[in-house]
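Notes follow once the structure below has been shown.
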Amino acid sequence: MPSPCTAFDSLRVLQAKSRPYAYYALHTLGALGYTQLERLPYAIRVLVENALRAHALGQADFDDVHALAGWRPRQQRRQAVRFRPTRILMQDFTGVPALVDLAALRDAVAARGEDASRVEPQVPVDLVIDHSVIIEHVGVPDALRRNMAREFERNGERYRFLRWAQGAFENLRIVPPGSGICHQVNLEHLATVVSNDGPAMGSAAIPLLYPDSLVGTDSHTTMVNALGVLGWGVGGLEAEAAMLGRALEVQLPDVVGVRLHGRPAEGTSATDLVLMLTQRLRKEGVVGSFVEFLGHGLDLLSLPDRATLANMAPEYGATCAYFPIDGETLRYLASTGREETQVAMVEAYARAQRLWRDGNTPEPSYSRVVDLDLGEVEPCLAGPRRPQDRTAVSDLEDSFESAFGIADLGVRRFAVAQEPYAVGDGSIVLAAITSCTNTSNPASMIAAGLLAQKAVRRGLKTKPWVMTSFAPGSTVVSDYLQRLGLQDSLNRLGFDVAAYGCAACVGNTAPLAADLAKTVADNDLAVAAVLSGNRNFEARINPLIKANYLASPALVVAYALAGSLRLDLLRDPIDMDENAEPVFLRDIWPSRTTIDAAMTDAIRPTMFRARYKRLFEGPPDWKALPVPAGATYDWDDDSTYVRCPPFLNLAGARADVPERIDAARILLLLGDGVTTDHISPAGPISGEGPAAEYLTNRGVGTDDFNAFGARRGNHEVMIRGAFANPRLRNEMLPERLGGFTRVFPEDHEMSVFDAAKRYRRTKTPLVIVAGKDYGGGSSRDWAAKGTALLGVKAVIAESFERIHRSNLIALGILPLQFDDGMSRRSLALEGPELLSITAEGGFSPQAIVKLSIRRDTTAIEQVPLRCRIDTAGELEIFRAGGLLPLMLTALEGKCGSDQRVDAPLPQSA
C-alpha cells in the first residue's frame, strides 16, 4: 500500500467568483500511484473524497482511501469501507421514532447525573413532516384546508413532541406540515451539491469545500442523486448511528453503468422511461449495486427527468442511481432559486475535483454496462402489484385480465346502491396524482394540466365512481399550475389540491364510499387504482383495491375520465363529448413543444425563493402548538402516540448472543416478494385486530385510529401491527389472508401477535421462512423492530433486500440465506417442523451454518445456510445483541467526559 498522504499533501485552493476555497484534491493521490482516478465511476470518486477528507482530518486511517481509489470494475468485493454523510434527511413516520430514541437516551444520561444535552446530533438533521396527512376530503375547493385541520387534530401529541425536539436539539431542523414531500423539498431547496464548511485545516480562514452527501430514513432519498449528490436510504437505526457521529459501513459496491442513447418518442414521459428502466434493471439484477448514468442520451434528460429515474432506485433494487454534475445541474440550481455564488462554487469545485461531466470527459469503467434506447420507451403503466411489472397501455386490458384470471368471466357489472352507476372488474375507483417521483417534474405536471384543460373543453368528466385526489410534493407546483391557468381545469375534473405530502402514495387516502365498498366486497370485484406513485404493493393503497397501477400524471387523468382498465386508450375512445363525438387520447394529449413552451412561460426562480424563504415557520396551527421546554422530554403515560421506549432498560443486562438457536418454531412461512408493507403496514389502522383492540381499550374511537405510520412512537401499537397486512399470504394457512398463523404443537389458528405471546410463555424461539426478495420496499426499520418484539431470532430467505437485511442485524436478528436451488418448497417445509441453527466456531460474515429440521420425534434433516452478516461491523452489532446494547456500552465511556455522545443509537421497537 502506498504511504498515506497528509492534510498538507492533499489540500488545495480553487477560485469561484474571485473567492478562494480549500478542498482535499483527488488528483494529489496520483503521486501515490493512484493514476486512474478519472476512470473511476463518479459515485466512487465521491466516496474517495469522503475517505480522503476523513483521513486528512485525522478521523480515519488510510485503508478506505486505498480500497476506494484502487476500485476496479471486476474485482472481488468483500471489503467494507466507511462513509460519513454530511447530513441526514428524515420524514416524520421514521423521524419521530428516531427522536423518541434520542429522548430516551437523554433520560438515561440524566439518570446518571450527567448533562442530558450531551446527546446531540453530530451532523445536521432535517426532518420534513410529509407522511402524516390523510386525504379524507377530495374534489372540493377547500379540501386542503379541511385535510390539514384534521391532520393537526389527529397528530397533536406527535407534533407537540416534535416541537420539543426542535427546541431541545441544536442540530435539528423541522419542516412543518403542509410544506411538501421531503425528497422534493431536498431537491428544490435543501441540497447544496457542494458544501461550504468552516476553515480548512492549515488554510487560515479559507472555507473548505466538499461534496454534499446524505443518508435518509426513506428509501427514495436517492432522488437527490439527480443533482450529483450521493446519498441513499437507510433504516432508522443506521441513520441514528450516522446522526450521532458513527461512520456507516458500506460494502465496496459494484457500479452498473446505464448508457442512455436514442431520442424519446413524442407522447412519452419520464414516468414511462422510469417504469421501463425499473423492469429492465430488476431483470438485470442490481440489488446492492450502485447505478450510474452515462451516454449521449443523458444530455436529452432535464434534471427533473433525471430525478424521476433516481427516485425509483429502490424499486429496481439499486443502492443509489447517480447522475454526474454537468451543465444541466447548474441550470436547475439557478432555475430553482439557488444563489449565483452557490452555482458558481458548484461548477468550480466539480471541475477542479474531476466530478464534472461533459462531452469531453472520459467515460468511466463500470462493473458492467446496460444499454437503454430512449427511442424504445412507450406509454405504459406498472402493476397490478409490483412496480417492476410494466405493461404497455395497449396491453393493459389483457395484462389485467390475466393477472386476476377473469378473462373467462366476461364483463361483470353490479349496481351500486343509492347511485346511478354500476361497477365491475377493472373499474377504476381511485385516481391519484401523487408522489415526489412525478410531482417534482414540471413537464409531467404541466402535461396533466394541459390534458385536463383539453378534456374540459371537450366536455369530458371524471366517472362518478372514481375518487380523485391531487397532492403535490411542493407548494411551487401550485404556483406554476395557477400561473398557467391549468389548476382550474384539474379542479373541474376533481383534482383539487388536497394536501402537500405523500398522501395516496403511502396509502393515506379516504376509504371508498360505503355503498361502493360494499358492492366491491360483496362481489369480490377486482377494482383498480391508477396513481402517479412509486409503489403499488398489495393493500398499500386501499385493502379493497386489488389492482394498483403506476402511471404518469397525465395518464392518471386520462384513466379517471375513462373509468376502467378494460380498454385500449391508444385505440379506443376515452368517452363521447357533448356532441356525441368520440374523444381519443391522442385528441387531448399535449405535444412536447406545448409542454416545453408552458414551462418556459410559467416557472421562475422567484417562485422557489418566495416559497422556501419561510420553509421552517409553518402554518398558524403549527405555531400555536405548545412548545415543551427542557433538555429531557416529559413523557405522558396516557399517550397512545408517543411512549418512552422500553429497550434502554430491557437491554441493561446485555447478555451475550447465543451462537445457536435450538428447537425454534416457524412463526410464518412466506413466499416471494414479501415487502416491508406486508411486515409492518404504514397505512390506516383497521377497526379489527390486536392494534384496534389496544386503542379501543384506551378510549380511542375508530375515526381517530389514524395510520400505523403515525403511531410508530408507540411500540405497543406497532408490535400488534406486525404482519397485519390484510393481503399477507402465510403458506401455513393457504386459505386465509392476513396476519394469522398456526401454533404448534397444538395446531391452533390465531393472530400472529397472539401466537407470539403464546410462544413467549413457553420460551420458544421463533424463525420466519420466506422466498426471494424478502424485505423489499420502504426502509422502515419497524419491519425489523416488530419482528424482534415478536420473539423472532432468525429469518431464513432465498434472498434479502439490502436495507431490511441491515435492519434485522441492527435488532439482533440473524439473516440466513438458502443456497441456490434450495427453498422452503424444495425442503417441503409446512410449519409444524422444529428448526435448530448452529455454526461451528460461531456466526461470522458469510459463514456456512447448519440448519437441522426435525419433522417428528426421530427424523432430522440437515442442510447448509449462508449467514448474511456480511461485514465485521455487522458482526460486532449482532454479537452485542443489536445497536442498542452496542450504544449503551459506548455510553459508559462517554458520559462521564466532556464529549458529546457519538455512538450509534438504535430506534426503539
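Within each chain, counting starts at residue 1; across the C-alpha cells, chains are named A, B, ... in the order shown, with ligands numbered 1 upward in that order.
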
* **Residues within 12 Å of Asp577 of chain A, only C-alpha atoms, excluding chain neighbours under 3 positions, as an MDAnalysis selection string** => chainID A and resid 454:461 561 573:574 580:584 587:588

Keeping C-alpha atoms, export the residues of the selection given above as a compact mmCIF listing (two decimals), in the first residue's frame.
```txt
# COMPACT_ATOMS: atom_id res chain seq x y z
CA LYS A 454 -58.36 19.91 -23.36
CA ALA A 455 -60.67 17.35 -21.78
CA VAL A 456 -62.75 20.04 -20.10
CA ARG A 457 -63.03 21.93 -23.38
CA ARG A 458 -64.42 18.78 -24.99
CA GLY A 459 -66.93 18.42 -22.16
CA LEU A 460 -65.42 15.27 -20.62
CA LYS A 461 -65.97 14.47 -16.95
CA LEU A 561 -62.01 10.05 -17.45
CA PRO A 573 -62.18 6.35 -27.31
CA ILE A 574 -61.96 7.60 -23.74
CA ALA A 580 -71.65 12.56 -29.16
CA GLU A 581 -68.31 12.52 -30.96
CA PRO A 582 -65.67 10.07 -29.71
CA VAL A 583 -62.70 11.59 -27.87
CA PHE A 584 -59.44 9.67 -28.15
CA ASP A 587 -57.03 14.24 -29.22
CA ILE A 588 -56.23 15.62 -25.78
```

Fewer than 2 positions away in the same chain doesn't count, so skip those; otherwise give me all residues within 6 Å of segment 427-440 of chain A, counting only C-alpha atoms, as a PDB file with all heavy atoms, in the first residue's frame.
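Heads up, here's the output in around27.pdb:
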```pdb
ATOM      1  N   GLN A 184     -38.680  16.038  -2.507  1.00  0.00           N
ATOM      2  CA  GLN A 184     -38.853  17.165  -3.423  1.00  0.00           C
ATOM      3  C   GLN A 184     -38.329  18.449  -2.789  1.00  0.00           C
ATOM      4  O   GLN A 184     -37.695  19.267  -3.459  1.00  0.00           O
ATOM      5  CB  GLN A 184     -40.333  17.312  -3.800  1.00  0.00           C
ATOM      6  CG  GLN A 184     -40.569  18.232  -4.985  1.00  0.00           C
ATOM      7  CD  GLN A 184     -41.940  18.026  -5.611  1.00  0.00           C
ATOM      8  OE1 GLN A 184     -42.565  16.983  -5.408  1.00  0.00           O
ATOM      9  NE2 GLN A 184     -42.411  18.986  -6.370  1.00  0.00           N
ATOM     10  N   THR A 308     -36.751  11.770 -11.587  1.00  0.00           N
ATOM     11  CA  THR A 308     -37.742  10.697 -11.672  1.00  0.00           C
ATOM     12  C   THR A 308     -37.053   9.340 -11.749  1.00  0.00           C
ATOM     13  O   THR A 308     -37.471   8.377 -11.099  1.00  0.00           O
ATOM     14  CB  THR A 308     -38.658  10.910 -12.892  1.00  0.00           C
ATOM     15  OG1 THR A 308     -39.361  12.155 -12.749  1.00  0.00           O
ATOM     16  CG2 THR A 308     -39.663   9.789 -13.048  1.00  0.00           C
ATOM     17  N   ASN A 311     -35.244   8.617  -8.317  1.00  0.00           N
ATOM     18  CA  ASN A 311     -36.185   8.393  -7.225  1.00  0.00           C
ATOM     19  C   ASN A 311     -36.520   6.921  -7.056  1.00  0.00           C
ATOM     20  O   ASN A 311     -36.630   6.420  -5.938  1.00  0.00           O
ATOM     21  CB  ASN A 311     -37.453   9.209  -7.486  1.00  0.00           C
ATOM     22  CG  ASN A 311     -38.523   9.010  -6.439  1.00  0.00           C
ATOM     23  OD1 ASN A 311     -39.223   8.005  -6.444  1.00  0.00           O
ATOM     24  ND2 ASN A 311     -38.663   9.972  -5.534  1.00  0.00           N
ATOM     25  N   VAL A 423     -70.474  -0.897 -11.218  1.00  0.00           N
ATOM     26  CA  VAL A 423     -69.025  -1.119 -11.314  1.00  0.00           C
ATOM     27  C   VAL A 423     -68.772  -2.601 -11.516  1.00  0.00           C
ATOM     28  O   VAL A 423     -69.622  -3.444 -11.207  1.00  0.00           O
ATOM     29  CB  VAL A 423     -68.275  -0.617 -10.069  1.00  0.00           C
ATOM     30  CG1 VAL A 423     -68.374   0.894  -9.942  1.00  0.00           C
ATOM     31  CG2 VAL A 423     -68.781  -1.302  -8.806  1.00  0.00           C
ATOM     32  N   GLY A 424     -67.582  -2.907 -12.021  1.00  0.00           N
ATOM     33  CA  GLY A 424     -67.230  -4.299 -12.268  1.00  0.00           C
ATOM     34  C   GLY A 424     -65.735  -4.489 -12.182  1.00  0.00           C
ATOM     35  O   GLY A 424     -64.985  -3.598 -11.774  1.00  0.00           O
ATOM     36  N   ASP A 425     -65.276  -5.686 -12.538  1.00  0.00           N
ATOM     37  CA  ASP A 425     -63.848  -5.952 -12.578  1.00  0.00           C
ATOM     38  C   ASP A 425     -63.170  -4.955 -13.523  1.00  0.00           C
ATOM     39  O   ASP A 425     -63.624  -4.750 -14.652  1.00  0.00           O
ATOM     40  CB  ASP A 425     -63.587  -7.377 -13.065  1.00  0.00           C
ATOM     41  CG  ASP A 425     -64.175  -8.428 -12.146  1.00  0.00           C
ATOM     42  OD1 ASP A 425     -63.955  -8.316 -10.928  1.00  0.00           O
ATOM     43  OD2 ASP A 425     -64.853  -9.343 -12.647  1.00  0.00           O
ATOM     44  N   TRP A 465     -67.741   7.075 -10.202  1.00  0.00           N
ATOM     45  CA  TRP A 465     -67.268   6.079  -9.232  1.00  0.00           C
ATOM     46  C   TRP A 465     -65.761   6.218  -8.946  1.00  0.00           C
ATOM     47  O   TRP A 465     -65.215   5.472  -8.148  1.00  0.00           O
ATOM     48  CB  TRP A 465     -67.567   4.669  -9.721  1.00  0.00           C
ATOM     49  CG  TRP A 465     -67.017   4.354 -11.095  1.00  0.00           C
ATOM     50  CD1 TRP A 465     -65.765   3.910 -11.404  1.00  0.00           C
ATOM     51  CD2 TRP A 465     -67.726   4.447 -12.330  1.00  0.00           C
ATOM     52  NE1 TRP A 465     -65.626   3.726 -12.755  1.00  0.00           N
ATOM     53  CE2 TRP A 465     -66.825   4.043 -13.347  1.00  0.00           C
ATOM     54  CE3 TRP A 465     -69.027   4.826 -12.678  1.00  0.00           C
ATOM     55  CZ2 TRP A 465     -67.197   4.024 -14.696  1.00  0.00           C
ATOM     56  CZ3 TRP A 465     -69.384   4.802 -14.017  1.00  0.00           C
ATOM     57  CH2 TRP A 465     -68.484   4.412 -15.011  1.00  0.00           C
ATOM     58  N   VAL A 466     -65.097   7.191  -9.590  1.00  0.00           N
ATOM     59  CA  VAL A 466     -63.660   7.377  -9.402  1.00  0.00           C
ATOM     60  C   VAL A 466     -63.410   8.435  -8.334  1.00  0.00           C
ATOM     61  O   VAL A 466     -63.827   9.591  -8.482  1.00  0.00           O
ATOM     62  CB  VAL A 466     -62.968   7.798 -10.712  1.00  0.00           C
ATOM     63  CG1 VAL A 466     -61.460   7.955 -10.489  1.00  0.00           C
ATOM     64  CG2 VAL A 466     -63.230   6.775 -11.821  1.00  0.00           C
ATOM     65  N   MET A 467     -62.747   8.058  -7.258  1.00  0.00           N
ATOM     66  CA  MET A 467     -62.316   9.026  -6.251  1.00  0.00           C
ATOM     67  C   MET A 467     -60.981   9.611  -6.710  1.00  0.00           C
ATOM     68  O   MET A 467     -60.010   8.883  -6.919  1.00  0.00           O
ATOM     69  CB  MET A 467     -62.151   8.361  -4.884  1.00  0.00           C
ATOM     70  CG  MET A 467     -61.683   9.322  -3.798  1.00  0.00           C
ATOM     71  SD  MET A 467     -61.754   8.610  -2.130  1.00  0.00           S
ATOM     72  CE  MET A 467     -60.563   7.263  -2.262  1.00  0.00           C
ATOM     73  N   THR A 468     -60.938  10.913  -6.884  1.00  0.00           N
ATOM     74  CA  THR A 468     -59.735  11.585  -7.378  1.00  0.00           C
ATOM     75  C   THR A 468     -59.040  12.334  -6.249  1.00  0.00           C
ATOM     76  O   THR A 468     -59.678  12.746  -5.280  1.00  0.00           O
ATOM     77  CB  THR A 468     -60.103  12.591  -8.478  1.00  0.00           C
ATOM     78  OG1 THR A 468     -61.122  13.468  -7.972  1.00  0.00           O
ATOM     79  CG2 THR A 468     -60.615  11.888  -9.722  1.00  0.00           C
ATOM     80  N   SER A 469     -57.733  12.519  -6.392  1.00  0.00           N
ATOM     81  CA  SER A 469     -57.001  13.346  -5.436  1.00  0.00           C
ATOM     82  C   SER A 469     -55.735  13.869  -6.082  1.00  0.00           C
ATOM     83  O   SER A 469     -55.198  13.273  -7.026  1.00  0.00           O
ATOM     84  CB  SER A 469     -56.664  12.567  -4.163  1.00  0.00           C
ATOM     85  OG  SER A 469     -55.725  11.540  -4.427  1.00  0.00           O
ATOM     86  N   PHE A 470     -55.261  14.993  -5.552  1.00  0.00           N
ATOM     87  CA  PHE A 470     -54.058  15.646  -6.063  1.00  0.00           C
ATOM     88  C   PHE A 470     -53.271  16.145  -4.857  1.00  0.00           C
ATOM     89  O   PHE A 470     -53.766  16.961  -4.078  1.00  0.00           O
ATOM     90  CB  PHE A 470     -54.445  16.804  -6.985  1.00  0.00           C
ATOM     91  CG  PHE A 470     -53.284  17.562  -7.587  1.00  0.00           C
ATOM     92  CD1 PHE A 470     -52.007  17.003  -7.693  1.00  0.00           C
ATOM     93  CD2 PHE A 470     -53.470  18.849  -8.065  1.00  0.00           C
ATOM     94  CE1 PHE A 470     -50.961  17.710  -8.246  1.00  0.00           C
ATOM     95  CE2 PHE A 470     -52.423  19.566  -8.631  1.00  0.00           C
ATOM     96  CZ  PHE A 470     -51.164  18.999  -8.718  1.00  0.00           C
ATOM     97  N   ALA A 471     -52.045  15.614  -4.687  1.00  0.00           N
ATOM     98  CA  ALA A 471     -51.192  16.007  -3.557  1.00  0.00           C
ATOM     99  C   ALA A 471     -49.780  16.267  -4.082  1.00  0.00           C
ATOM    100  O   ALA A 471     -48.958  15.357  -4.137  1.00  0.00           O
ATOM    101  CB  ALA A 471     -51.173  14.919  -2.489  1.00  0.00           C
ATOM    102  N   PRO A 472     -49.488  17.509  -4.467  1.00  0.00           N
ATOM    103  CA  PRO A 472     -48.146  17.825  -4.955  1.00  0.00           C
ATOM    104  C   PRO A 472     -47.101  17.687  -3.849  1.00  0.00           C
ATOM    105  O   PRO A 472     -47.411  17.815  -2.660  1.00  0.00           O
ATOM    106  CB  PRO A 472     -48.257  19.285  -5.412  1.00  0.00           C
ATOM    107  CG  PRO A 472     -49.716  19.589  -5.467  1.00  0.00           C
ATOM    108  CD  PRO A 472     -50.370  18.676  -4.484  1.00  0.00           C
ATOM    109  N   GLY A 473     -45.853  17.459  -4.251  1.00  0.00           N
ATOM    110  CA  GLY A 473     -44.755  17.356  -3.301  1.00  0.00           C
ATOM    111  C   GLY A 473     -44.104  18.670  -2.985  1.00  0.00           C
ATOM    112  O   GLY A 473     -43.125  18.712  -2.230  1.00  0.00           O
ATOM    113  N   CYS A 502     -47.280  13.084   1.124  1.00  0.00           N
ATOM    114  CA  CYS A 502     -47.220  11.793   0.432  1.00  0.00           C
ATOM    115  C   CYS A 502     -48.604  11.225   0.117  1.00  0.00           C
ATOM    116  O   CYS A 502     -48.814  10.650  -0.945  1.00  0.00           O
ATOM    117  CB  CYS A 502     -46.426  10.806   1.270  1.00  0.00           C
ATOM    118  SG  CYS A 502     -44.717  11.329   1.515  1.00  0.00           S
ATOM    119  N   CYS A 505     -49.747   7.964  -2.074  1.00  0.00           N
ATOM    120  CA  CYS A 505     -48.568   7.153  -2.363  1.00  0.00           C
ATOM    121  C   CYS A 505     -48.242   6.206  -1.211  1.00  0.00           C
ATOM    122  O   CYS A 505     -47.686   5.132  -1.421  1.00  0.00           O
ATOM    123  CB  CYS A 505     -47.374   8.057  -2.668  1.00  0.00           C
ATOM    124  SG  CYS A 505     -45.942   7.174  -3.325  1.00  0.00           S
ATOM    125  N   VAL A 527     -61.268  -4.364  -8.499  1.00  0.00           N
ATOM    126  CA  VAL A 527     -61.288  -2.964  -8.916  1.00  0.00           C
ATOM    127  C   VAL A 527     -59.868  -2.412  -8.844  1.00  0.00           C
ATOM    128  O   VAL A 527     -58.958  -3.033  -8.289  1.00  0.00           O
ATOM    129  CB  VAL A 527     -62.253  -2.125  -8.054  1.00  0.00           C
ATOM    130  CG1 VAL A 527     -63.688  -2.586  -8.287  1.00  0.00           C
ATOM    131  CG2 VAL A 527     -61.882  -2.184  -6.587  1.00  0.00           C
ATOM    132  N   ALA A 528     -59.693  -1.190  -9.385  1.00  0.00           N
ATOM    133  CA  ALA A 528     -58.334  -0.710  -9.622  1.00  0.00           C
ATOM    134  C   ALA A 528     -58.120   0.710  -9.127  1.00  0.00           C
ATOM    135  O   ALA A 528     -59.058   1.513  -9.007  1.00  0.00           O
ATOM    136  CB  ALA A 528     -58.016  -0.783 -11.117  1.00  0.00           C
ATOM    137  N   ALA A 529     -56.850   1.006  -8.862  1.00  0.00           N
ATOM    138  CA  ALA A 529     -56.376   2.367  -8.642  1.00  0.00           C
ATOM    139  C   ALA A 529     -55.306   2.659  -9.675  1.00  0.00           C
ATOM    140  O   ALA A 529     -54.520   1.774 -10.045  1.00  0.00           O
ATOM    141  CB  ALA A 529     -55.791   2.519  -7.234  1.00  0.00           C
ATOM    142  N   VAL A 530     -55.279   3.903 -10.150  1.00  0.00           N
ATOM    143  CA  VAL A 530     -54.203   4.380 -11.022  1.00  0.00           C
ATOM    144  C   VAL A 530     -53.615   5.601 -10.339  1.00  0.00           C
ATOM    145  O   VAL A 530     -54.337   6.553 -10.021  1.00  0.00           O
ATOM    146  CB  VAL A 530     -54.712   4.729 -12.431  1.00  0.00           C
ATOM    147  CG1 VAL A 530     -53.563   5.224 -13.308  1.00  0.00           C
ATOM    148  CG2 VAL A 530     -55.380   3.515 -13.074  1.00  0.00           C
ATOM    149  N   LEU A 531     -52.327   5.559 -10.081  1.00  0.00           N
ATOM    150  CA  LEU A 531     -51.696   6.650  -9.340  1.00  0.00           C
ATOM    151  C   LEU A 531     -50.299   6.912  -9.870  1.00  0.00           C
ATOM    152  O   LEU A 531     -49.643   6.018 -10.416  1.00  0.00           O
ATOM    153  CB  LEU A 531     -51.641   6.334  -7.849  1.00  0.00           C
ATOM    154  CG  LEU A 531     -50.769   5.168  -7.390  1.00  0.00           C
ATOM    155  CD1 LEU A 531     -50.333   5.375  -5.935  1.00  0.00           C
ATOM    156  CD2 LEU A 531     -51.523   3.832  -7.493  1.00  0.00           C
ATOM    157  N   SER A 532     -49.851   8.152  -9.680  1.00  0.00           N
ATOM    158  CA  SER A 532     -48.514   8.529 -10.151  1.00  0.00           C
ATOM    159  C   SER A 532     -47.491   8.347  -9.041  1.00  0.00           C
ATOM    160  O   SER A 532     -46.608   9.172  -8.838  1.00  0.00           O
ATOM    161  CB  SER A 532     -48.511   9.984 -10.640  1.00  0.00           C
ATOM    162  OG  SER A 532     -48.802  10.876  -9.578  1.00  0.00           O
ATOM    163  N   GLY A 533     -47.618   7.236  -8.301  1.00  0.00           N
ATOM    164  CA  GLY A 533     -46.719   6.952  -7.198  1.00  0.00           C
ATOM    165  C   GLY A 533     -45.548   6.096  -7.622  1.00  0.00           C
ATOM    166  O   GLY A 533     -45.262   5.912  -8.807  1.00  0.00           O
ATOM    167  N   PRO A 553     -48.718  11.311 -14.400  1.00  0.00           N
ATOM    168  CA  PRO A 553     -49.869  12.132 -14.005  1.00  0.00           C
ATOM    169  C   PRO A 553     -50.883  12.335 -15.122  1.00  0.00           C
ATOM    170  O   PRO A 553     -52.099  12.328 -14.873  1.00  0.00           O
ATOM    171  CB  PRO A 553     -49.221  13.456 -13.581  1.00  0.00           C
ATOM    172  CG  PRO A 553     -47.863  13.052 -13.086  1.00  0.00           C
ATOM    173  CD  PRO A 553     -47.436  11.942 -14.006  1.00  0.00           C
ATOM    174  N   VAL A 556     -52.948   9.304 -15.405  1.00  0.00           N
ATOM    175  CA  VAL A 556     -53.873   9.223 -14.277  1.00  0.00           C
ATOM    176  C   VAL A 556     -55.154   9.989 -14.602  1.00  0.00           C
ATOM    177  O   VAL A 556     -56.273   9.493 -14.380  1.00  0.00           O
ATOM    178  CB  VAL A 556     -53.223   9.784 -12.992  1.00  0.00           C
ATOM    179  CG1 VAL A 556     -54.269   9.939 -11.885  1.00  0.00           C
ATOM    180  CG2 VAL A 556     -52.099   8.872 -12.519  1.00  0.00           C
ATOM    181  N   ALA A 560     -58.923   8.413 -15.211  1.00  0.00           N
ATOM    182  CA  ALA A 560     -60.049   8.898 -14.407  1.00  0.00           C
ATOM    183  C   ALA A 560     -61.235   9.227 -15.304  1.00  0.00           C
ATOM    184  O   ALA A 560     -62.396   9.024 -14.931  1.00  0.00           O
ATOM    185  CB  ALA A 560     -59.636  10.118 -13.593  1.00  0.00           C
ATOM    186  N   GLY A 563     -62.458   5.616 -16.594  1.00  0.00           N
ATOM    187  CA  GLY A 563     -63.144   4.894 -15.530  1.00  0.00           C
ATOM    188  C   GLY A 563     -62.923   3.405 -15.509  1.00  0.00           C
ATOM    189  O   GLY A 563     -63.491   2.703 -14.670  1.00  0.00           O
ATOM    190  N   SER A 564     -62.114   2.876 -16.432  1.00  0.00           N
ATOM    191  CA  SER A 564     -61.920   1.432 -16.488  1.00  0.00           C
ATOM    192  C   SER A 564     -60.557   1.107 -17.101  1.00  0.00           C
ATOM    193  O   SER A 564     -60.036   1.859 -17.939  1.00  0.00           O
ATOM    194  CB  SER A 564     -63.019   0.764 -17.317  1.00  0.00           C
ATOM    195  OG  SER A 564     -62.772  -0.624 -17.468  1.00  0.00           O
TER     196      SER A 564
END
```

* Asked: Just asking: which residues within segment 746-815 of chain A are strand (DSSP E) according to DSSP, as a ChimeraX atom specification?
  -> /A:748-751,766-769,792-797,814-815

* Mind the document's chain letters and residue numbers, and return as an NGL selection string the residues of segment 555-629 of chain A that DSSP labels alpha helix (DSSP H). => :A and (555-562 or 585-588 or 592-602 or 605-612 or 620-623)

* Asked: Given the choices A:Ala452, A:Ala504, A:Ile595, A:Ala692, which gets closest to Gln487 of chain A if the distance is worked out from only C-alpha atoms?
  -> A:Ala452

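If you look at atom CA of Lys757 of chain A and atom CA of Ala691 of chain A, they are 14.3 Å away from each other.
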
Can you tell me which residues surround segment 368-376 of chain A at a distance of at most 6 Å, considering only C-alpha atoms, apart from same-chain residues fewer than 5 positions away, and format the answer as a CSV table (one decimal) with N, CA and C atoms, in the first residue's frame?
```csv
chain,number,residue,atom,x,y,z
A,256,VAL,N,-23.0,-0.4,-11.8
A,256,VAL,CA,-23.5,-0.7,-13.0
A,256,VAL,C,-23.8,0.6,-13.8
A,257,GLY,N,-23.2,0.7,-15.0
A,257,GLY,CA,-23.5,1.9,-15.8
A,257,GLY,C,-24.7,1.6,-16.7
A,258,VAL,N,-25.5,2.7,-16.8
A,258,VAL,CA,-26.7,2.6,-17.7
A,258,VAL,C,-26.5,3.6,-18.8
A,259,ARG,N,-26.2,3.1,-20.0
A,259,ARG,CA,-25.9,4.0,-21.1
A,259,ARG,C,-27.1,4.4,-21.8
A,260,LEU,N,-27.5,5.6,-21.8
A,260,LEU,CA,-28.7,6.1,-22.5
A,260,LEU,C,-28.3,6.6,-23.9
A,261,HIS,N,-29.1,6.2,-24.9
A,261,HIS,CA,-28.9,6.7,-26.2
A,261,HIS,C,-30.3,6.7,-26.9
A,262,GLY,N,-30.3,7.3,-28.1
A,262,GLY,CA,-31.5,7.5,-28.8
A,262,GLY,C,-32.3,8.7,-28.3
A,263,ARG,N,-33.5,8.9,-28.8
A,263,ARG,CA,-34.3,10.1,-28.5
A,263,ARG,C,-35.7,9.7,-28.1
A,264,PRO,N,-36.2,10.2,-27.0
A,264,PRO,CA,-37.6,9.8,-26.6
A,264,PRO,C,-38.6,10.1,-27.7
A,265,ALA,N,-39.6,9.3,-27.9
A,265,ALA,CA,-40.6,9.5,-28.9
A,265,ALA,C,-41.7,10.5,-28.4
```

* In terms of the shortest atom-to-atom distance over only C-alpha atoms, which of A:Ala67, A:Leu668, A:Ile206, A:Met223 is closest to Arg12 of chain A? ->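 When distances to Arg12 of chain A are compared using only C-alpha atoms, the smallest one comes from A:Ile206.
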
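Residue nearest Phe290 of chain A within the list A:Asp254, A:Asp703, A:Glu315, A:Glu801: A:Asp254 [criterion: smallest interatomic distance, only C-alpha atoms].
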